[in-house]
Structures are given as structure tokens and as C-alpha cells.
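Everything on this sheet refers to the single structure shown next.
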Amino acid sequence: MSEERTLTLGGAIHEALHQEMERDSTVIIMGEDIVGGAGSDEPGAEDSWGGPMGITRGLVGKFGRERVRDTPISEAGFIGAAIGAAVTGLRPVAALMFVDFFGIPMDQIYNQGAKLRYMFGGKAKVPVVIRALIGAGVNAAAQHSQTLYSIFTHIPGLKVAVPSTPYDAKGLMCAAIRDDDPVFFLEHKTLLGQKGHVPEEPYIVPLGQALVRREGSDVTVVAIAKMVEVALAAAEELAAEGVNVEVVDPRTLSPLDTRTILESVEKTGRLIIVDEDTPRCSLATDIAALAADEAFYSLEAPIKRVTAPHTPVPFSPTLEAAYIPSKAQVAATIREVMSA
Amino acid sequence: MDIPRDKLLEIYERMVTIRQFEDRTHGEYAAGRIPGFVHLYAGEEAVAVGVCAHLSDDDAITSTHRGHGHRIAKGVDVNAMMAELYGRATGACKGKGGSMHIADISRGMLGANGIVGAGVPLACGAALSAQVRGTEAVAVSFFGDGGANQGTFHEGLNLAAIWKLPVLFVAENNGYAQSTSVSYAAGGADIARRAQAYGIPGVVADGLDLFDVYAKAGTAIAAARAGDGPTLLECKTYRLYGHYEGDTQGYRSKAEIDRYRHEHCAIRRFRARVTQDGLLTADELDAIDARVDNAIDAAVAFAANSPFPDPAEVTTDVYVNYEEEIA
């Protein structure tokens, strides 16, 4: 068997963008400093950024500045333009940089992009992808560290992808670009350097299909984005204690694969949701309500949520570590529901 | 700029269609037959029609909450529009949008918009689409003097300027943003002067004079099609009805409204000009009036006799495709 081809999660996103732009000339990408060095005469300025994480570096050389557009720091302007372009024949991928910046273009996102199709009686389609970095763990403090996916999941008309592996990142990005609805594609900044198997040929991970990352029979742990690896680590720890943990990765939050989640809960009788977002009106709360509604009689213990506290993300490393749900918290919660 | 005779007839018909549509809507609303919020465009006809006379179905427009006039000026039929106002299944948006979200994507009408100033970035996107796809199409963003004070105005004009997008920004300055006078809410003399800050042309037109709007919009749209980038065109105009139907209008006098309804009426001015110059005859214009009158009657009848949407329609058209059923 040949050695598996590996890429980082960031590299998988780059490859998906490259291949989709090659496949379809209506795909363009735009955002602040996604090329970098625009307007500079300095040698080497061109393509000096590739976005804050370098993910889009190299694309301008292949596709040119017509299709790879640096924008001014003007989120309402360029996110709105991406939506307007999507309604009129392009498939833009717009990078919002940090998801925390969503407040500036939010009207364009939720009153325009998300609703045009419905308001116009199904006569518009809005095939736009909005990329954004999420997550704590790099001491970026309160305005560059949130996850916030619950806000976008709340809005009818939007779809939300939260890849946890390089394989899913490529497949979900290809799916998002080809999808005719607006998709938020959220990239956890601490996962971008994670390596994993990624086939070279383009492929799709369908929006709305969860994956059971680890099969188990005693307790279901639904974990989102970065929390998948935290949950898997906790599951390994509990395996040594004879507890068989099933870990479910929803991969997209809208659509949410409720069937896979409910089938798992019906099998194990116990549910924990691990969510880096704040707890109120969160995915953790939403999935807990789903199980309470639909799988109540399968439950052998109370549903538990392991989330960040209801606070902004703190700066200091010790405070941030206390903020992010940990393997120890997840393991303790598993023990708690197993003894219920 | 000479306007061909056929075009003059079309222009007059669209202006009169807007006026009659709005006058009828005013009455239908007062009679309780139209639900929700309605904002009428009557008085501003020369702006929408003078600009849209230069556009084809390939060109896109974004509109405002006062969008009926833009849609009619873009040449879209009035039956589906009146039915939409009535909330009927035969409406332009199947009864899901109503007056504030009336649209026709197939004709380049990207929607009335309930959010002031929100259409500006969307129009930039339509222009970006034309630029990237290499078509000759342009985009026009209509917004009011109120919209010109939103951040989206700044962001959109700057983006269009740096990318030389084929877009025309039309500031419809009707003197009032809701109840607030433009003299209070806007810094600086003319909205058009703000164009200087972005290095693009800024032009003021008499928005009650079809010929002035037509000429200045024509120059700007030709420049946009030629790749010379955007223009900001401010049209000084006036709305004859309140901000919304039900507005008691304590902020302006009846004498002021009457002056614009009679002395400064854009449609009267157009009639006077074309008949004095021997371009069209009064008989021709009267015949159009009668035809439009019948068309509006028919639109009201069509709307009133159309069924309401099936309640099951509440969960359709949210997504193009969605694996899970929407409860």
C-alpha cells in the first residue's frame, strides 16, 4: 500500500480553492490581504501575505488579480459585493478573516444574502462562501478568538461548515463552493497546521452528513471543530477505564445531521455535547434540546453540555486555558454521566 | 441628448404607470386591502425612468424600500407586482416579499430593500460580476438621501472607485429621510460632492426633469460601459406621499406638497416639453393615460381575484437544497 498523501488543514483549503477555480471560471476569491502587498512597489510585495494564515498564497500567480482580489478593510462593502456578485452569476469565496469581524457586514449577511431567495419567492440563488477563522487557543483575546457559529446557524438561509480534519476541510470547501446557497466556512485557527490524509483529486464531503469519529456503546459525545480532538483524547482516557465512548462530528451545523446524532444517542443512552462556543443559545443547547425532544426515552442519564463559560474570551494564557473546554472536563463529565 | 420618439413614448408610459400604480396603491391601502408597510414613489418618476431608460434586462439595479417605481421603470409587469402587494400566490415573489422586497431577478431587478443603504454593496457585486465575466452590463444602485448617510455608501463607492466597477450610484434626494430634513441630516451642500473624496465624477441632476436625468444618467452609464468606472448622480426630487402610508407628515406643509404636485410635477413638465417641442401630441399622451388606467384596473382585479399562498409555502424557498426537512 502506497504511503498516504497528507496535507495540513490549511493546505487542504488551498487545494480546494485552487481546484475549484480551475474547474469553474465563475469562482473568484476576495478579501483583505488574501494576496497581500497590493499597491506596493517593494520587490517581493506581491503575494506576500496570502491571507493572515497564508492559505491563499500562490493563487494570484495562477489566476490573476481579476479573480483573486485584495479588498480594502471594508467588510460591509466586499461581503455585500460578494453577495451581489453571487446573485448575478459568480461563485465568490469571500474571506472575512476573523469571524469576530462579522458585526460589520452582518446586515449584508443576514438581511441580504440569507434572505434574498426567500423574499423573492425562490427566484434568486446566492452561491457565496464566506470563510472565517474561529477559535481560541492562540492568546488572541476577546475580539479575535470567538467561534460564534451558533449565530449563523440560527439564521434561516445560511449553511455552516466546521471542518475538524484536512480531509473534511477540502471536501467541505468543494461542496460549499458548488452549493447554490450561502455557506459559512469556519476554519479553527489551531487546526490549520494539523496534518492528515487528503486525496489529490477533487471530492465532496456533502453538507449535512455527520461522521462517527469513534464508535462506542456507552456514551455519545458530540463535538464541534477543535473539540473533536479534545473529545477523542478524553475517549482514549476513558477506554482505559472500560468506558466505550462514541464521538460524533457533525461537520456541518446547518444543515445538522440530526439522524446520525439521534441514532447514536438511542444506541448509547447518554449524551454529552462539547462546544467551544459560549453556552446560551448555543449548538450545545440546541443539540441537547433535540435529544430531549426526540430521544428522551432512550436516555439513561441527564444530557450534559461542556462549553466555554458565558464570558468573552480572555487574553492571559492561564485564563484562556481555563476558558477552553479541556480533555479533563470532558473526561470528568463522561464519568459523571456513566455513574448517573 | 435627443431621445428617439419610441423611447419618449415608452418613457411617458412608464412614468404614468408609476404614478397611477402608486395613486391606486394609496387608495387600496387606505381601504384596507393591502397589508403591511407601503412606501410610495409618486413624484420621483423622472429619476427611475430617466435612468432605467438606458438599461436592458442584462443590467442590474438595486432599489430601496420605496421600490415600486424602480421595478416599473425596469419594465416589469404590474400584475405580479400588485398581486405581491396584496400578498397573493401570483405575486412577483409568491407573496413572500411584499412591497419592500419586490424583485425580478430575470429582469435584473435585484429587489426593493427594507434596509436603508443596503443595496449599494449589492450593486457593486453585480458590477463586479459583469466585470469579471467580461460582459457589457452595468449596475445601478438607487438609494435616498438617508441611504447616503450609511456606512455602506462609503464602502460601496470606495470599492467601486478602486476597482473601476461599471456602476452608477443614484442618490434620490427627495428632501426627507423619513421625517428628517436632508438639511439637518447631511453634512455638506450636495451629496454629489462626496464623489470627489473617491476620485469619481459627482453630478447633480434636476430629478423632476426627465430630460436632465436622462442626459446625465446616459453619460454616466456610457462611461461605466466603456470601463471608465463609477459615477455618483444626485437627483433632487420630491415624494408626493408620506414616508409610508399612514404618515401624518407633520414635518412638511400642505402648500409645499401641493406646489410639487402641481407646479413642479415631473409628468406635467414632461408633457409640456414634448408637446411644446412637437415631439409628441397631446392625443398620443392621452391615449397612453387611458391605456395605463386600464392596465392598473386590470392589475388590481388580478390581484384581488388571486388566491392567497398555501400555508405549506411558509417553509419553501429558504434554501436551494437542504438535506433535512425544515420543521
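In the C-alpha cells, chains take the letters A, B, ... in the order shown, each chain's residues start at 1, and ligands count up from 1 in the order shown.
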Report as a Markdown table: every residue of chain A with an atom at most 6 Å from chain B, its closest pair of atoms, and their distance in Å to one decimal, counting only C-alpha atoms, with rows sorted by chain and ascending residue number.
| residue | atom | partner | partner_atom | distance |
| --- | --- | --- | --- | --- |
| A:Ser74 | CA | B:Glu155 | CA | 6.0 |
| A:Gly77 | CA | B:Glu155 | CA | 4.8 |
| A:Gly80 | CA | B:Pro121 | CA | 4.7 |
| A:Ala81 | CA | B:Gly125 | CA | 3.6 |
| A:Ala82 | CA | B:Gly125 | CA | 5.6 |
| A:Gly84 | CA | B:Leu122 | CA | 4.0 |
| A:Ala85 | CA | B:Gly125 | CA | 4.1 |
| A:Thr88 | CA | B:Ala126 | CA | 5.7 |
| A:Tyr118 | CA | B:Asp317 | CA | 5.0 |
| A:Met119 | CA | B:Gly97 | CA | 4.3 |
| A:Phe120 | CA | B:Cys93 | CA | 4.5 |
| A:Gly121 | CA | B:Cys93 | CA | 4.1 |
| A:Gly122 | CA | B:Asp317 | CA | 4.6 |
| A:Gly157 | CA | B:Val318 | CA | 5.3 |
Report task. Would you kindly return, as a PyMOL selection string, each protein, DNA or RNA residue with an atom no farther than 12 Å from any atom of Ala328 (chain A), considering only C-alpha atoms and excluding same-chain residues fewer than 4 positions away? Result -> chain A and resi 230-238+306+321-322+324+332-335
Report task. One decimal, Å: what's the distance from CA of Pro52 (chain A) over to CA of Glu32 (chain A), could you say? Result -> 8.9 Å
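Across the model, the gap from CA of Val116 (chain B) to CA of Ala76 (chain A) is 13.4 Å.
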**Report entry** Contact residues around Ile29 (chain A) with only C-alpha atoms at 6 Å, ignoring same-chain residues under 4 positions, as a ChimeraX atom specification
**Finding:** /A:68,92-94
Writer output for current selection, N, CA, C and O atoms, as a PDB file, in the first residue's frame:
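Output contents, as saved in selection-v9.pdb:
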ATOM      1  N   VAL A  68      -8.611  36.994  -8.106  1.00  0.00           N
ATOM      2  CA  VAL A  68      -8.081  36.882  -6.740  1.00  0.00           C
ATOM      3  C   VAL A  68      -7.893  38.311  -6.252  1.00  0.00           C
ATOM      4  O   VAL A  68      -6.918  38.974  -6.578  1.00  0.00           O
ATOM      5  N   PRO A  92     -18.498  33.625  -5.631  1.00  0.00           N
ATOM      6  CA  PRO A  92     -17.402  34.220  -4.870  1.00  0.00           C
ATOM      7  C   PRO A  92     -17.138  33.475  -3.562  1.00  0.00           C
ATOM      8  O   PRO A  92     -18.050  32.970  -2.917  1.00  0.00           O
ATOM      9  N   VAL A  93     -15.868  33.408  -3.205  1.00  0.00           N
ATOM     10  CA  VAL A  93     -15.454  32.949  -1.879  1.00  0.00           C
ATOM     11  C   VAL A  93     -14.826  34.171  -1.205  1.00  0.00           C
ATOM     12  O   VAL A  93     -13.760  34.627  -1.608  1.00  0.00           O
ATOM     13  N   ALA A  94     -15.516  34.711  -0.236  1.00  0.00           N
ATOM     14  CA  ALA A  94     -15.059  35.932   0.429  1.00  0.00           C
ATOM     15  C   ALA A  94     -14.494  35.585   1.797  1.00  0.00           C
ATOM     16  O   ALA A  94     -15.115  34.845   2.552  1.00  0.00           O
TER      17      ALA A  94
END
**Report entry** Selection near region 257-261 of chain B, 10 Å with only C-alpha atoms, sequence-local residues under 4 positions removed, as a VMD selection string
**Finding:** chain B and resid 42 to 43 208 237 to 242 252 to 253 265 to 268
For the selection you just gave me, I'd like the residues written to a file as a PDB file, in the first residue's frame, keeping N, CA, C and O atoms.
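Contents of the output file out-v1.pdb:
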ATOM      1  N   ALA B  42     -44.467  57.942  -5.930  1.00  0.00           N
ATOM      2  CA  ALA B  42     -45.070  59.002  -6.756  1.00  0.00           C
ATOM      3  C   ALA B  42     -44.335  60.327  -6.546  1.00  0.00           C
ATOM      4  O   ALA B  42     -44.031  60.715  -5.410  1.00  0.00           O
ATOM      5  N   GLY B  43     -44.067  61.023  -7.636  1.00  0.00           N
ATOM      6  CA  GLY B  43     -43.334  62.285  -7.596  1.00  0.00           C
ATOM      7  C   GLY B  43     -41.913  62.141  -8.103  1.00  0.00           C
ATOM      8  O   GLY B  43     -41.341  63.079  -8.644  1.00  0.00           O
ATOM      9  N   LEU B 208     -36.716  66.276 -11.161  1.00  0.00           N
ATOM     10  CA  LEU B 208     -38.093  66.461 -11.620  1.00  0.00           C
ATOM     11  C   LEU B 208     -38.137  66.711 -13.123  1.00  0.00           C
ATOM     12  O   LEU B 208     -39.196  66.921 -13.702  1.00  0.00           O
ATOM     13  N   THR B 237     -35.249  65.573  -5.992  1.00  0.00           N
ATOM     14  CA  THR B 237     -36.608  65.191  -6.340  1.00  0.00           C
ATOM     15  C   THR B 237     -37.528  65.420  -5.147  1.00  0.00           C
ATOM     16  O   THR B 237     -37.159  66.115  -4.198  1.00  0.00           O
ATOM     17  N   TYR B 238     -38.714  64.870  -5.213  1.00  0.00           N
ATOM     18  CA  TYR B 238     -39.697  65.095  -4.153  1.00  0.00           C
ATOM     19  C   TYR B 238     -40.677  63.942  -4.148  1.00  0.00           C
ATOM     20  O   TYR B 238     -41.106  63.475  -5.209  1.00  0.00           O
ATOM     21  N   ARG B 239     -41.033  63.478  -2.938  1.00  0.00           N
ATOM     22  CA  ARG B 239     -42.066  62.439  -2.887  1.00  0.00           C
ATOM     23  C   ARG B 239     -43.390  63.092  -2.518  1.00  0.00           C
ATOM     24  O   ARG B 239     -43.459  63.927  -1.618  1.00  0.00           O
ATOM     25  N   LEU B 240     -44.434  62.678  -3.242  1.00  0.00           N
ATOM     26  CA  LEU B 240     -45.736  63.325  -3.065  1.00  0.00           C
ATOM     27  C   LEU B 240     -46.522  62.741  -1.895  1.00  0.00           C
ATOM     28  O   LEU B 240     -47.378  63.425  -1.333  1.00  0.00           O
ATOM     29  N   TYR B 241     -46.250  61.493  -1.547  1.00  0.00           N
ATOM     30  CA  TYR B 241     -46.915  60.904  -0.385  1.00  0.00           C
ATOM     31  C   TYR B 241     -45.954  60.930   0.798  1.00  0.00           C
ATOM     32  O   TYR B 241     -44.795  61.322   0.675  1.00  0.00           O
ATOM     33  N   GLY B 242     -46.437  60.472   1.943  1.00  0.00           N
ATOM     34  CA  GLY B 242     -45.605  60.449   3.145  1.00  0.00           C
ATOM     35  C   GLY B 242     -44.490  59.431   3.020  1.00  0.00           C
ATOM     36  O   GLY B 242     -44.377  58.707   2.025  1.00  0.00           O
ATOM     37  N   ARG B 252     -43.889  68.665   7.099  1.00  0.00           N
ATOM     38  CA  ARG B 252     -43.902  69.494   5.889  1.00  0.00           C
ATOM     39  C   ARG B 252     -45.325  69.997   5.637  1.00  0.00           C
ATOM     40  O   ARG B 252     -46.302  69.389   6.068  1.00  0.00           O
ATOM     41  N   SER B 253     -45.418  71.126   4.938  1.00  0.00           N
ATOM     42  CA  SER B 253     -46.719  71.787   4.787  1.00  0.00           C
ATOM     43  C   SER B 253     -47.486  71.245   3.588  1.00  0.00           C
ATOM     44  O   SER B 253     -46.893  70.743   2.627  1.00  0.00           O
ATOM     45  N   CYS B 265     -44.568  69.142 -10.945  1.00  0.00           N
ATOM     46  CA  CYS B 265     -44.823  67.728 -11.244  1.00  0.00           C
ATOM     47  C   CYS B 265     -43.996  67.269 -12.448  1.00  0.00           C
ATOM     48  O   CYS B 265     -44.053  67.871 -13.531  1.00  0.00           O
ATOM     49  N   ALA B 266     -43.233  66.191 -12.257  1.00  0.00           N
ATOM     50  CA  ALA B 266     -42.331  65.707 -13.310  1.00  0.00           C
ATOM     51  C   ALA B 266     -43.103  65.274 -14.559  1.00  0.00           C
ATOM     52  O   ALA B 266     -42.623  65.449 -15.687  1.00  0.00           O
ATOM     53  N   ILE B 267     -44.282  64.718 -14.349  1.00  0.00           N
ATOM     54  CA  ILE B 267     -45.048  64.235 -15.507  1.00  0.00           C
ATOM     55  C   ILE B 267     -45.637  65.409 -16.291  1.00  0.00           C
ATOM     56  O   ILE B 267     -45.595  65.451 -17.523  1.00  0.00           O
ATOM     57  N   ARG B 268     -46.160  66.408 -15.568  1.00  0.00           N
ATOM     58  CA  ARG B 268     -46.655  67.616 -16.256  1.00  0.00           C
ATOM     59  C   ARG B 268     -45.542  68.304 -17.036  1.00  0.00           C
ATOM     60  O   ARG B 268     -45.745  68.778 -18.151  1.00  0.00           O
TER      61      ARG B 268
END
Report task. Could you jot down the CA of Pro43 (chain A) to CA of Ile73 (chain A) separation for me, Å, one decimal place? Result -> 23.2 Å
Could you produce a table of the residues of region 92-170 of chain A lying within 9 Å of region 193-205 of chain A, with the nearest pair of atoms per residue and their separation in Å rounded to one decimal, using only C-alpha atoms, ordered by chain and increasing residue number, as a tab-separated table?
residue	atom	partner	partner_atom	distance
A:Thr165	CA	A:Gly196	CA	6.8
A:Pro166	CA	A:Gly196	CA	5.6
A:Tyr167	CA	A:Val198	CA	4.9
A:Asp168	CA	A:Val205	CA	6.4
A:Ala169	CA	A:Val205	CA	8.5
A:Lys170	CA	A:Val198	CA	7.6
If you keep N, CA, C and O atoms, can you produce a file of those selected residues as a compact mmCIF listing (two decimals), in the first residue's frame?
# COMPACT_ATOMS: atom_id res chain seq x y z
N THR A 165 -10.92 18.07 10.24
CA THR A 165 -9.76 17.35 9.67
C THR A 165 -9.43 17.93 8.29
O THR A 165 -10.29 18.53 7.63
N PRO A 166 -8.18 17.75 7.83
CA PRO A 166 -7.83 18.20 6.48
C PRO A 166 -8.72 17.57 5.40
O PRO A 166 -9.12 18.25 4.46
N TYR A 167 -9.02 16.28 5.55
CA TYR A 167 -9.87 15.62 4.55
C TYR A 167 -11.22 16.33 4.44
O TYR A 167 -11.68 16.65 3.34
N ASP A 168 -11.83 16.58 5.58
CA ASP A 168 -13.14 17.24 5.56
C ASP A 168 -13.03 18.68 5.08
O ASP A 168 -13.93 19.19 4.42
N ALA A 169 -11.93 19.34 5.42
CA ALA A 169 -11.79 20.74 5.00
C ALA A 169 -11.83 20.85 3.48
O ALA A 169 -12.51 21.71 2.92
N LYS A 170 -11.10 19.97 2.80
CA LYS A 170 -11.11 20.03 1.33
C LYS A 170 -12.48 19.66 0.78
O LYS A 170 -13.04 20.36 -0.07
Report task. Extract, using only C-alpha atoms, all DNA, RNA and protein residues at most 8 Å from Val222 (chain A), discarding same-chain residues fewer than 5 positions from it, and format them as a ChimeraX atom specification. Result -> /A:228,247-250,261,271-274
Requested in this report: Determine, counting only C-alpha atoms, which protein, DNA and RNA residues have an atom within 8 Å of an atom of region 19-36 of chain B; residues of the same chain fewer than 5 positions away are not included. Present the result as a list in words.
Outcome: Tyr41, Ala42, Gly43, Glu45, His68, Leu85, Tyr86, Gly87, Glu245, Val292, Asp293 and Ile296 of chain B
For the residues in the current selection, export C-alpha atoms as a tab-separated table (two decimals), in the first residue's frame.
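Output contents, as saved in result_33.tsv:
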chain	number	residue	atom	x	y	z
B	41	TYR	CA	-42.64	56.51	-5.19
B	42	ALA	CA	-45.07	59.00	-6.76
B	43	GLY	CA	-43.33	62.29	-7.60
B	45	GLU	CA	-40.84	59.09	-11.58
B	68	HIS	CA	-42.26	50.19	-6.91
B	85	LEU	CA	-48.61	43.91	-2.59
B	86	TYR	CA	-51.86	42.07	-1.96
B	87	GLY	CA	-49.87	39.09	-0.59
B	245	GLU	CA	-48.74	55.11	4.02
B	292	VAL	CA	-52.34	52.72	-18.30
B	293	ASP	CA	-55.54	53.41	-16.41
B	296	ILE	CA	-53.83	49.38	-13.44
Query - Pick from A:Met21, A:Glu4, A:Ala12, A:Gly37 nearest to Ile55 (chain A), counting only C-alpha atoms - result: A:Ala12
Could you pull out all residues of region 108-163 of chain A with a DSSP call of helix (DSSP H, G or I) and give them as a JSON list (two decimals) with C-alpha atoms, in the first residue's frame?
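Below is the file out_15.json, written as the result:
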[["chain", "number", "residue", "atom", "x", "y", "z"],
["A", 108, "GLN", "CA", -25.38, 42.14, 4.21],
["A", 109, "ILE", "CA", -25.12, 38.57, 5.55],
["A", 110, "TYR", "CA", -28.39, 38.06, 7.39],
["A", 111, "ASN", "CA", -30.78, 40.61, 5.88],
["A", 112, "GLN", "CA", -29.49, 40.27, 2.33],
["A", 113, "GLY", "CA", -27.57, 37.08, 1.49],
["A", 116, "LEU", "CA", -32.91, 37.10, -0.85],
["A", 117, "ARG", "CA", -34.05, 33.71, -2.07],
["A", 118, "TYR", "CA", -36.97, 33.53, 0.32],
["A", 119, "MET", "CA", -38.04, 37.16, -0.04],
["A", 149, "TYR", "CA", -21.11, 29.55, 14.70],
["A", 150, "SER", "CA", -24.34, 29.40, 16.68],
["A", 151, "ILE", "CA", -25.23, 32.88, 15.41],
["A", 152, "PHE", "CA", -25.00, 31.84, 11.76],
["A", 153, "THR", "CA", -26.70, 28.51, 12.43]]
Query raised in the report: Which one is closest to Asp77 (chain B): B:Ala139, B:Ala217, B:Leu210, B:Ile18? Count only C-alpha atoms.
Result: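 Comparing B:Ala139, B:Ala217, B:Leu210, B:Ile18 against Asp77 (chain B), the winner is B:Ile18.
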**Report entry** Exercise: Ala136 (chain A) partners within 8 Å, only C-alpha atoms, chain neighbours under 5 positions left out, as an MDAnalysis selection string
**Finding:** chainID A and resid 141 144:147 189:190 313 320 324
